[in-house]
$ cat query-v2.tsv   # TSV, C-alpha atoms and all ligand atoms
chain	number	residue	atom	x	y	z
A	1	MET	CA	5.06	70.11	-95.35
A	2	ALA	CA	6.44	70.55	-91.83
A	3	GLU	CA	4.40	68.23	-89.63
A	4	ALA	CA	3.94	68.89	-85.90
A	5	MET	CA	7.26	68.32	-84.16
A	6	SER	CA	5.63	66.13	-81.50
A	7	THR	CA	4.34	63.75	-84.19
A	8	ILE	CA	7.73	63.54	-85.89
A	9	ARG	CA	9.45	62.96	-82.54
A	10	ALA	CA	7.01	60.17	-81.63
A	11	ASP	CA	7.44	58.49	-85.04
A	12	PHE	CA	11.22	58.46	-84.82
A	13	ASP	CA	11.28	57.48	-81.16
A	14	ARG	CA	9.30	54.41	-82.23
A	15	LEU	CA	11.44	53.75	-85.34
A	16	ALA	CA	14.67	54.11	-83.33
A	17	LEU	CA	13.72	51.11	-81.18
A	18	LEU	CA	12.84	48.96	-84.20
A	19	SER	CA	15.55	49.72	-86.74
A	20	GLY	CA	19.08	48.34	-86.87
A	21	GLU	CA	22.11	49.84	-88.56
A	22	GLU	CA	21.13	48.75	-92.03
A	23	TRP	CA	21.79	49.81	-95.58
A	24	ASP	CA	18.89	51.79	-97.01
A	25	HIS	CA	18.12	53.99	-100.01
A	26	SER	CA	19.63	57.02	-98.23
A	27	SER	CA	22.79	55.40	-96.90
A	28	HIS	CA	23.41	54.15	-100.45
A	29	TYR	CA	24.40	57.78	-101.21
A	30	HIS	CA	26.56	58.47	-98.13
A	31	ASN	CA	29.79	58.10	-100.10
A	32	PHE	CA	28.50	60.43	-102.79
A	33	LEU	CA	27.89	63.10	-100.12
A	34	LEU	CA	31.24	62.51	-98.43
A	35	ARG	CA	33.05	63.16	-101.71
A	36	HIS	CA	31.75	66.73	-101.54
A	37	MET	CA	32.97	67.48	-98.00
A	38	PRO	CA	35.39	70.40	-97.81
A	39	SER	CA	38.96	69.58	-96.90
A	40	PRO	CA	40.21	70.41	-94.37
A	41	CYS	CA	37.01	70.30	-92.33
A	42	ARG	CA	37.14	71.42	-88.71
A	43	GLU	CA	33.50	71.78	-87.67
A	44	SER	CA	30.60	69.74	-89.06
A	45	LEU	CA	26.93	69.82	-88.17
A	46	GLU	CA	24.44	67.09	-88.96
A	47	ILE	CA	20.76	68.00	-88.75
A	48	GLY	CA	18.48	65.04	-88.06
A	49	CYS	CA	21.29	62.59	-87.42
A	50	GLY	CA	19.00	59.67	-86.52
A	51	ALA	CA	21.09	56.79	-85.15
A	52	GLY	CA	24.27	58.56	-86.21
A	53	ALA	CA	25.53	56.49	-89.17
A	54	PHE	CA	26.37	59.53	-91.27
A	55	SER	CA	27.69	61.49	-88.25
A	56	ARG	CA	30.29	58.75	-87.75
A	57	LEU	CA	31.37	59.08	-91.38
A	58	LEU	CA	31.57	62.87	-91.02
A	59	ALA	CA	33.63	62.39	-87.85
A	60	LYS	CA	36.32	60.53	-89.78
A	61	SER	CA	37.08	63.68	-91.80
A	62	SER	CA	36.10	66.44	-89.34
A	63	GLU	CA	37.77	67.60	-86.16
A	64	ARG	CA	34.38	67.92	-84.46
A	65	VAL	CA	30.80	66.98	-85.31
A	66	LEU	CA	27.68	68.38	-83.68
A	67	ALA	CA	24.83	65.97	-84.41
A	68	LEU	CA	21.26	67.07	-83.62
A	69	ASP	CA	18.03	65.12	-83.62
A	70	LEU	CA	14.55	65.71	-82.33
A	71	SER	CA	14.16	62.14	-81.10
A	72	PRO	CA	15.65	61.27	-77.68
A	73	ASN	CA	15.66	57.57	-78.58
A	74	MET	CA	17.61	58.23	-81.77
A	75	ILE	CA	20.17	60.31	-79.88
A	76	ARG	CA	20.56	57.69	-77.15
A	77	ILE	CA	21.15	54.93	-79.72
A	78	ALA	CA	23.45	57.17	-81.79
A	79	GLY	CA	25.56	57.78	-78.67
A	80	GLU	CA	25.71	54.06	-77.85
A	81	ARG	CA	26.85	53.24	-81.39
A	82	SER	CA	29.45	56.01	-81.44
A	83	ALA	CA	31.57	55.13	-78.41
A	84	LEU	CA	34.66	55.11	-80.64
A	85	PHE	CA	34.00	58.68	-81.83
A	86	PRO	CA	34.77	61.12	-79.00
A	87	ASN	CA	34.70	63.98	-81.53
A	88	ILE	CA	30.92	63.71	-82.01
A	89	GLU	CA	28.58	65.62	-79.71
A	90	PHE	CA	25.03	64.23	-79.95
A	91	ARG	CA	22.23	66.52	-78.74
A	92	VAL	CA	18.46	66.19	-78.58
A	93	ALA	CA	17.25	69.36	-80.30
A	94	ASP	CA	14.71	70.75	-82.71
A	95	VAL	CA	17.05	72.53	-85.09
A	96	MET	CA	14.40	75.17	-85.78
A	97	ALA	CA	14.14	76.06	-82.09
A	98	ARG	CA	17.87	76.00	-81.40
A	99	GLU	CA	20.08	78.93	-82.20
A	100	LEU	CA	22.99	78.05	-84.49
A	101	PRO	CA	26.19	80.10	-84.21
A	102	ALA	CA	26.91	82.30	-87.24
A	103	GLU	CA	29.67	81.23	-89.67
A	104	LYS	CA	30.70	78.30	-87.47
A	105	PHE	CA	30.55	75.18	-89.65
A	106	ASP	CA	32.69	74.01	-92.57
A	107	CYS	CA	30.11	71.40	-93.44
A	108	ILE	CA	26.39	71.02	-92.68
A	109	ALA	CA	24.60	67.83	-93.65
A	110	ALA	CA	20.96	66.75	-93.64
A	111	VAL	CA	20.15	63.22	-94.78
A	112	ALA	CA	16.45	62.44	-95.28
A	113	THR	CA	15.61	65.32	-92.93
A	114	LEU	CA	15.08	68.52	-94.91
A	115	HIS	CA	11.51	67.54	-95.85
A	116	HIS	CA	10.61	67.71	-92.16
A	117	LEU	CA	11.70	71.35	-91.92
A	118	PRO	CA	10.06	74.56	-93.14
A	119	MET	CA	12.48	75.29	-96.02
A	120	ALA	CA	11.89	79.04	-96.07
A	121	GLU	CA	13.16	79.35	-92.50
A	122	ALA	CA	15.56	76.41	-92.40
A	123	LEU	CA	17.70	77.31	-95.40
A	124	PRO	CA	18.53	80.89	-94.31
A	125	LYS	CA	19.38	79.56	-90.86
A	126	ILE	CA	21.68	76.90	-92.33
A	127	LYS	CA	23.30	79.44	-94.66
A	128	ARG	CA	24.09	81.76	-91.75
A	129	ALA	CA	25.66	78.93	-89.78
A	130	LEU	CA	28.04	77.94	-92.61
A	131	LYS	CA	31.47	79.52	-92.90
A	132	VAL	CA	32.41	81.14	-96.18
A	133	ASN	CA	33.58	78.25	-98.42
A	134	GLY	CA	31.59	75.89	-96.20
A	135	VAL	CA	29.50	73.23	-97.91
A	136	LEU	CA	25.89	72.15	-97.44
A	137	LEU	CA	25.20	68.47	-98.19
A	138	VAL	CA	21.56	67.46	-98.53
A	139	LEU	CA	20.07	64.13	-99.48
A	140	ASP	CA	16.32	63.77	-99.43
A	141	LEU	CA	13.22	62.17	-100.89
A	142	PHE	CA	11.06	63.84	-103.52
A	143	GLN	CA	7.52	63.59	-104.78
A	144	SER	CA	7.54	61.79	-108.11
A	145	GLU	CA	5.79	63.58	-110.98
A	146	GLY	CA	5.64	63.09	-114.73
A	147	LEU	CA	7.06	60.53	-117.14
A	148	SER	CA	10.72	61.11	-116.35
A	149	ASP	CA	10.25	60.28	-112.64
A	150	ALA	CA	8.08	57.27	-113.55
A	151	ALA	CA	10.81	55.98	-115.88
A	152	THR	CA	13.48	56.48	-113.19
A	153	SER	CA	11.29	54.62	-110.73
A	154	ALA	CA	10.82	51.71	-113.15
A	155	LEU	CA	14.61	51.37	-113.35
A	156	ALA	CA	15.01	51.80	-109.57
A	157	TRP	CA	12.77	48.88	-108.56
A	158	PRO	CA	14.95	46.01	-109.84
A	159	LEU	CA	18.09	47.70	-108.47
A	160	SER	CA	16.45	48.25	-105.09
A	161	ILE	CA	15.24	44.64	-104.87
A	162	GLY	CA	18.67	43.31	-105.89
A	163	LEU	CA	20.48	45.50	-103.35
A	164	LYS	CA	18.07	44.59	-100.54
A	165	LEU	CA	18.59	40.89	-101.23
A	166	LEU	CA	22.34	41.40	-101.28
A	167	ARG	CA	22.49	43.55	-98.13
A	168	HIS	CA	19.68	42.08	-95.99
A	169	GLY	CA	18.97	38.72	-97.58
A	170	ARG	CA	15.31	39.77	-97.90
A	171	VAL	CA	13.23	42.33	-99.79
A	172	MET	CA	10.67	43.29	-97.13
A	173	PRO	CA	11.60	44.56	-93.66
A	174	PRO	CA	9.91	42.87	-90.66
A	175	ARG	CA	6.18	43.68	-90.24
A	176	GLN	CA	6.62	45.97	-87.20
A	177	ILE	CA	9.08	48.17	-89.08
A	178	ARG	CA	6.86	48.29	-92.18
A	179	GLU	CA	3.93	49.36	-90.01
A	180	ALA	CA	5.95	52.06	-88.22
A	181	TRP	CA	7.16	53.54	-91.54
A	182	ALA	CA	3.65	53.33	-93.00
A	183	GLU	CA	2.30	55.24	-89.99
A	184	HIS	CA	5.03	57.88	-90.41
A	185	GLY	CA	4.30	58.05	-94.16
A	186	ARG	CA	0.68	59.01	-93.47
A	187	HIS	CA	1.78	62.54	-92.49
A	188	ASP	CA	5.04	62.80	-94.43
A	189	SER	CA	5.16	64.85	-97.62
A	190	TYR	CA	7.83	65.83	-100.12
A	191	LEU	CA	8.56	68.54	-102.66
A	192	THR	CA	8.76	67.62	-106.35
A	193	LEU	CA	12.15	68.02	-107.99
A	194	ALA	CA	10.88	71.07	-109.85
A	195	GLU	CA	9.93	72.64	-106.50
A	196	VAL	CA	13.33	71.76	-105.01
A	197	ARG	CA	15.07	73.39	-107.99
A	198	GLU	CA	12.89	76.49	-107.62
A	199	VAL	CA	13.70	76.83	-103.91
A	200	CYS	CA	17.43	76.33	-104.62
A	201	ALA	CA	17.47	78.88	-107.45
A	202	GLU	CA	16.00	81.41	-105.05
A	203	MET	CA	17.83	80.58	-101.83
A	204	LEU	CA	20.98	78.63	-102.72
A	205	PRO	CA	22.32	80.22	-105.91
A	206	GLY	CA	24.79	77.96	-107.71
A	207	ALA	CA	23.56	74.82	-105.90
A	208	GLU	CA	23.99	71.51	-107.71
A	209	VAL	CA	20.71	69.60	-107.54
A	210	ARG	CA	20.84	66.01	-108.77
A	211	LYS	CA	18.23	63.30	-109.08
A	212	HIS	CA	19.51	59.88	-107.97
A	213	LEU	CA	18.13	56.55	-109.05
A	214	LEU	CA	16.85	55.23	-105.69
A	215	TRP	CA	14.12	57.86	-105.15
A	216	ARG	CA	16.50	60.47	-103.74
A	217	TYR	CA	17.87	63.86	-104.75
A	218	SER	CA	20.91	65.71	-103.50
A	219	ILE	CA	21.82	69.36	-103.07
A	220	ILE	CA	25.47	70.34	-102.90
A	221	TRP	CA	25.97	74.04	-102.18
A	222	LYS	CA	29.10	75.98	-101.37
A	223	LYS	CA	28.75	79.30	-99.58
A	224	VAL	CA	30.73	81.97	-101.35
A	225	ALA	CA	31.74	85.31	-99.87
A	301	LIG	C1	14.19	59.95	-91.94
A	301	LIG	S1	15.11	60.26	-90.50
A	301	LIG	C2	16.77	60.28	-91.11
A	301	LIG	C3	17.78	59.98	-90.04
A	301	LIG	C4	19.21	59.88	-90.55
A	301	LIG	N1	19.67	61.14	-91.11
A	301	LIG	C5	19.32	58.76	-91.56
A	301	LIG	O1	19.49	59.04	-92.76
A	301	LIG	O2	19.21	57.60	-91.15
A	301	LIG	C6	14.80	61.99	-90.18
A	301	LIG	C7	15.38	62.42	-88.85
A	301	LIG	O3	15.23	63.84	-88.73
A	301	LIG	C8	14.89	64.13	-87.39
A	301	LIG	N2	14.25	65.45	-87.38
A	301	LIG	C9	13.07	65.81	-87.96
A	301	LIG	N3	12.81	67.09	-87.71
A	301	LIG	C10	13.84	67.58	-86.98
A	301	LIG	C11	14.14	68.85	-86.39
A	301	LIG	N4	13.31	69.89	-86.52
A	301	LIG	N5	15.29	68.99	-85.69
A	301	LIG	C12	16.14	67.94	-85.53
A	301	LIG	N6	15.90	66.71	-86.06
A	301	LIG	C13	14.76	66.54	-86.77
A	301	LIG	C14	13.96	62.97	-86.98
A	301	LIG	O4	13.87	62.83	-85.58
A	301	LIG	C15	14.66	61.78	-87.67
A	301	LIG	O5	15.58	61.12	-86.84

$ encode --input "query-v2.tsv" --output "structure tokens"
Amino acid sequence: MAEAMSTIRADFDRLALLSGEEWDHSSHYHNFLLRHMPSPCRESLEIGCGAGAFSRLLAKSSERVLALDLSPNMIRIAGERSALFPNIEFRVADVMARELPAEKFDCIAAVATLHHLPMAEALPKIKRALKVNGVLLVLDLFQSEGLSDAATSALAWPLSIGLKLLRHGRVMPPRQIREAWAEHGRHDSYLTLAEVREVCAEMLPGAEVRKHLLWRYSIIWKKVA
């Protein structure tokens, strides 16, 4: 599951230079995640912030946001796009190599990033870093399996095409971007929803795991004392 960090960094350094600030299947669920933020929220952490779109949303309801990403290009662009958000600190970091302070964050978010991390090590680390009553917000992709996922996918296609036409005026991204994502996809892999639920039952008791239409799932988990 967890690819070599150098490969992931190279993929996202390349994608950072090609991609704009566009709606996509993950950002479609940003508002859903934000509705589960704790209030008040002093300290937020985003893991794998990319170009910072979700960090800026977190920053509107948090006193401070620490936003980490492996890719220097992503962090540079995130900083450039976030000039109006002095309460966000962007840092180039591999979250698995960086120590996170214990019980520091009210909210920790990972959007389309958890599948890059070794879950068995990442989740305990994230749990330790959350305050009691802090909330973990995850959105990620999953490996489709079985009839139910195939049926969901059949419904998702027309919605996805309609939303892409509405948001971008086209269905396909430019060729260079398609090629960069295809190259990244060659070494990307995802858990099935059943596997996600199994991991959550073991490591995040009480977590709400939901399947969303546009090939995404979410985990909302509150740390209790
Ligand atoms: C698919 S992108 C998602 C970016 C952003 N969250 C979004 O939704 O647009 C995954 C991001 O996770 C970052 N990433 C992957 N592994 C990481 C790690 N170990 N530590 C920090 N960031 C990581 C990548 O560099 C990339 O920017």

$ residues_around --input "query-v2.tsv" --residues "A:Gln143" --least-positions-apart "4" --cutoff "6 Å" --atoms "all atoms listed in the file" --output "PDB file with C-alpha atoms, in the coordinates of the input"
ATOM      1  CA  TYR A 190       7.830  65.830-100.120  1.00  0.00           C
ATOM      2  CA  LEU A 191       8.560  68.540-102.660  1.00  0.00           C
ATOM      3  CA  THR A 192       8.760  67.620-106.350  1.00  0.00           C
TER       4      THR A 192
END

$ residues_near_ligand --input "query-v2.tsv" --ligand "ligand LIG 301 (chain A)" --cutoff "6 Å" --atoms "all atoms listed in the file" --output "list in words"
Arg9, Phe12, Ser26, Ile47, Gly48, Cys49, Gly50, Leu68, Asp69, Leu70, Ser71, Ala93, Asp94, Val95, Met96, Val111, Ala112, Thr113, His116 and Leu117 of chain A

$ write_last_selection --input "query-v2.tsv" --atoms "C-alpha atoms" --output "PDB file, keeping the file's coordinate frame"
ATOM      1  CA  ARG A   9       9.450  62.960 -82.540  1.00  0.00           C
ATOM      2  CA  PHE A  12      11.220  58.460 -84.820  1.00  0.00           C
ATOM      3  CA  SER A  26      19.630  57.020 -98.230  1.00  0.00           C
ATOM      4  CA  ILE A  47      20.760  68.000 -88.750  1.00  0.00           C
ATOM      5  CA  GLY A  48      18.480  65.040 -88.060  1.00  0.00           C
ATOM      6  CA  CYS A  49      21.290  62.590 -87.420  1.00  0.00           C
ATOM      7  CA  GLY A  50      19.000  59.670 -86.520  1.00  0.00           C
ATOM      8  CA  LEU A  68      21.260  67.070 -83.620  1.00  0.00           C
ATOM      9  CA  ASP A  69      18.030  65.120 -83.620  1.00  0.00           C
ATOM     10  CA  LEU A  70      14.550  65.710 -82.330  1.00  0.00           C
ATOM     11  CA  SER A  71      14.160  62.140 -81.100  1.00  0.00           C
ATOM     12  CA  ALA A  93      17.250  69.360 -80.300  1.00  0.00           C
ATOM     13  CA  ASP A  94      14.710  70.750 -82.710  1.00  0.00           C
ATOM     14  CA  VAL A  95      17.050  72.530 -85.090  1.00  0.00           C
ATOM     15  CA  MET A  96      14.400  75.170 -85.780  1.00  0.00           C
ATOM     16  CA  VAL A 111      20.150  63.220 -94.780  1.00  0.00           C
ATOM     17  CA  ALA A 112      16.450  62.440 -95.280  1.00  0.00           C
ATOM     18  CA  THR A 113      15.610  65.320 -92.930  1.00  0.00           C
ATOM     19  CA  HIS A 116      10.610  67.710 -92.160  1.00  0.00           C
ATOM     20  CA  LEU A 117      11.700  71.350 -91.920  1.00  0.00           C
TER      21      LEU A 117
END

$ axis_aligned_box --input "query-v2.tsv" --around "stretch 64-75 of chain A" --padding-each-side "3 Å" --output "lines of an AutoDock Vina configuration file"
center_x = 24.3
center_y = 63.0
center_z = -81.5
size_x = 26.2
size_y = 16.8
size_z = 13.6

$ atom_distance --input "query-v2.tsv" --atom1 "atom CA of A:Ser62" --atom2 "atom CA of A:Glu43"
6.2 Å

$ residues_near_point --input "query-v2.tsv" --point "(31.2, 57.1, -98.1)" --cutoff "12 Å" --atoms "all atoms listed in the file" --output "ChimeraX atom specification"
/A:26-37,53-61

$ write_last_selection --input "query-v2.tsv" --atoms "C-alpha atoms" --output "tab-separated table (two decimals), in the frame of the given file"
chain	number	residue	atom	x	y	z
A	26	SER	CA	19.63	57.02	-98.23
A	27	SER	CA	22.79	55.40	-96.90
A	28	HIS	CA	23.41	54.15	-100.45
A	29	TYR	CA	24.40	57.78	-101.21
A	30	HIS	CA	26.56	58.47	-98.13
A	31	ASN	CA	29.79	58.10	-100.10
A	32	PHE	CA	28.50	60.43	-102.79
A	33	LEU	CA	27.89	63.10	-100.12
A	34	LEU	CA	31.24	62.51	-98.43
A	35	ARG	CA	33.05	63.16	-101.71
A	36	HIS	CA	31.75	66.73	-101.54
A	37	MET	CA	32.97	67.48	-98.00
A	53	ALA	CA	25.53	56.49	-89.17
A	54	PHE	CA	26.37	59.53	-91.27
A	55	SER	CA	27.69	61.49	-88.25
A	56	ARG	CA	30.29	58.75	-87.75
A	57	LEU	CA	31.37	59.08	-91.38
A	58	LEU	CA	31.57	62.87	-91.02
A	59	ALA	CA	33.63	62.39	-87.85
A	60	LYS	CA	36.32	60.53	-89.78
A	61	SER	CA	37.08	63.68	-91.80

$ closest_residue --input "query-v2.tsv" --among "A:Ala182, A:Leu204, A:Val135, A:Val196" --to "A:Cys41" --atoms "only C-alpha atoms"
A:Val135

$ closest_residue --input "query-v2.tsv" --among "A:Lys223, A:His184, A:Tyr217, A:Met172" --to "A:Ala110" --atoms "only C-alpha atoms"
A:Tyr217

$ atom_distance --input "query-v2.tsv" --atom1 "atom CA of A:Arg98" --atom2 "atom CA of A:Phe142"
26.1 Å

$ atom_distance --input "query-v2.tsv" --atom1 "atom CA of A:Leu130" --atom2 "atom CA of A:Met5"
24.4 Å

$ residues_around --input "query-v2.tsv" --residues "A:Leu155" --least-positions-apart "4" --cutoff "8 Å" --atoms "all atoms listed in the file" --output "number ranges by chain"
A: 151, 159, 213

$ closest_residue --input "query-v2.tsv" --among "A:Ile220, A:Ala225, A:Ile161, A:Ile8" --to "A:Asn133" --atoms "all atoms listed in the file"
A:Ala225

$ closest_residue --input "query-v2.tsv" --among "A:Leu193, A:Ala109, A:Ala201, A:Leu147" --to "A:Gly134" --atoms "all atoms listed in the file"
A:Ala109

$ closest_residue --input "query-v2.tsv" --among "A:Ser153, A:Gln176, A:Asn87, A:Asn73" --to "A:Ala16" --atoms "all atoms listed in the file"
A:Asn73

$ build_atoms --input "query-v2.tsv" --residues "stretch 82-93 of chain A" --atoms "all heavy atoms" --output "CSV table (one decimal), in the coordinates of the input"
chain,number,residue,atom,x,y,z
A,82,SER,N,28.3,55.1,-81.0
A,82,SER,CA,29.4,56.0,-81.4
A,82,SER,C,30.5,56.1,-80.4
A,82,SER,O,31.3,57.1,-80.3
A,82,SER,CB,28.9,57.4,-81.8
A,82,SER,OG,27.9,57.3,-82.7
A,83,ALA,N,30.6,55.1,-79.5
A,83,ALA,CA,31.6,55.1,-78.4
A,83,ALA,C,33.0,55.4,-78.9
A,83,ALA,O,33.8,56.0,-78.2
A,83,ALA,CB,31.5,53.8,-77.6
A,84,LEU,N,33.3,54.9,-80.1
A,84,LEU,CA,34.7,55.1,-80.6
A,84,LEU,C,34.9,56.5,-81.3
A,84,LEU,O,35.9,56.7,-81.9
A,84,LEU,CB,35.0,54.0,-81.7
A,84,LEU,CG,34.9,52.6,-81.1
A,84,LEU,CD1,35.2,51.5,-82.2
A,84,LEU,CD2,35.9,52.4,-80.0
A,85,PHE,N,33.9,57.4,-81.2
A,85,PHE,CA,34.0,58.7,-81.8
A,85,PHE,C,33.8,59.8,-80.8
A,85,PHE,O,32.8,60.4,-80.7
A,85,PHE,CB,32.9,58.8,-82.9
A,85,PHE,CG,33.2,57.9,-84.1
A,85,PHE,CD1,32.7,56.6,-84.1
A,85,PHE,CD2,33.9,58.3,-85.2
A,85,PHE,CE1,32.9,55.7,-85.1
A,85,PHE,CE2,34.2,57.4,-86.2
A,85,PHE,CZ,33.6,56.1,-86.2
A,86,PRO,N,34.9,60.1,-80.0
A,86,PRO,CA,34.8,61.1,-79.0
A,86,PRO,C,34.6,62.5,-79.6
A,86,PRO,O,34.3,63.5,-78.9
A,86,PRO,CB,36.1,61.0,-78.2
A,86,PRO,CG,37.0,60.3,-79.1
A,86,PRO,CD,36.2,59.4,-80.0
A,87,ASN,N,34.8,62.6,-80.9
A,87,ASN,CA,34.7,64.0,-81.5
A,87,ASN,C,33.3,64.3,-82.0
A,87,ASN,O,33.1,65.3,-82.7
A,87,ASN,CB,35.7,64.2,-82.7
A,87,ASN,CG,35.6,63.1,-83.8
A,87,ASN,OD1,35.0,62.0,-83.5
A,87,ASN,ND2,36.0,63.4,-85.0
A,88,ILE,N,32.3,63.4,-81.7
A,88,ILE,CA,30.9,63.7,-82.0
A,88,ILE,C,30.2,64.1,-80.7
A,88,ILE,O,30.2,63.4,-79.7
A,88,ILE,CB,30.2,62.5,-82.6
A,88,ILE,CG1,31.0,61.9,-83.8
A,88,ILE,CG2,28.8,62.9,-83.1
A,88,ILE,CD1,30.3,60.7,-84.4
A,89,GLU,N,29.5,65.2,-80.8
A,89,GLU,CA,28.6,65.6,-79.7
A,89,GLU,C,27.1,65.4,-80.2
A,89,GLU,O,26.7,66.1,-81.1
A,89,GLU,CB,28.8,67.1,-79.4
A,89,GLU,CG,28.0,67.6,-78.2
A,89,GLU,CD,28.1,69.1,-78.0
A,89,GLU,OE1,28.9,69.7,-78.7
A,89,GLU,OE2,27.3,69.6,-77.2
A,90,PHE,N,26.4,64.5,-79.6
A,90,PHE,CA,25.0,64.2,-80.0
A,90,PHE,C,24.1,65.0,-79.0
A,90,PHE,O,24.4,65.0,-77.8
A,90,PHE,CB,24.7,62.7,-79.8
A,90,PHE,CG,25.3,61.9,-80.9
A,90,PHE,CD1,26.4,61.1,-80.6
A,90,PHE,CD2,24.8,61.9,-82.2
A,90,PHE,CE1,27.0,60.3,-81.6
A,90,PHE,CE2,25.4,61.1,-83.2
A,90,PHE,CZ,26.5,60.3,-82.9
A,91,ARG,N,23.1,65.7,-79.6
A,91,ARG,CA,22.2,66.5,-78.7
A,91,ARG,C,20.8,66.3,-79.2
A,91,ARG,O,20.5,66.3,-80.4
A,91,ARG,CB,22.5,68.0,-78.9
A,91,ARG,CG,23.7,68.5,-78.3
A,91,ARG,CD,23.4,69.2,-77.0
A,91,ARG,NE,24.6,69.4,-76.2
A,91,ARG,CZ,24.9,68.7,-75.1
A,91,ARG,NH1,24.1,67.9,-74.6
A,91,ARG,NH2,26.1,68.9,-74.5
A,92,VAL,N,19.9,66.2,-78.2
A,92,VAL,CA,18.5,66.2,-78.6
A,92,VAL,C,18.1,67.6,-78.8
A,92,VAL,O,18.2,68.5,-77.9
A,92,VAL,CB,17.6,65.6,-77.4
A,92,VAL,CG1,16.1,65.7,-77.8
A,92,VAL,CG2,18.0,64.2,-77.1
A,93,ALA,N,17.6,68.0,-80.0
A,93,ALA,CA,17.2,69.4,-80.3
A,93,ALA,C,16.4,69.4,-81.5
A,93,ALA,O,16.6,68.7,-82.5
A,93,ALA,CB,18.5,70.2,-80.5
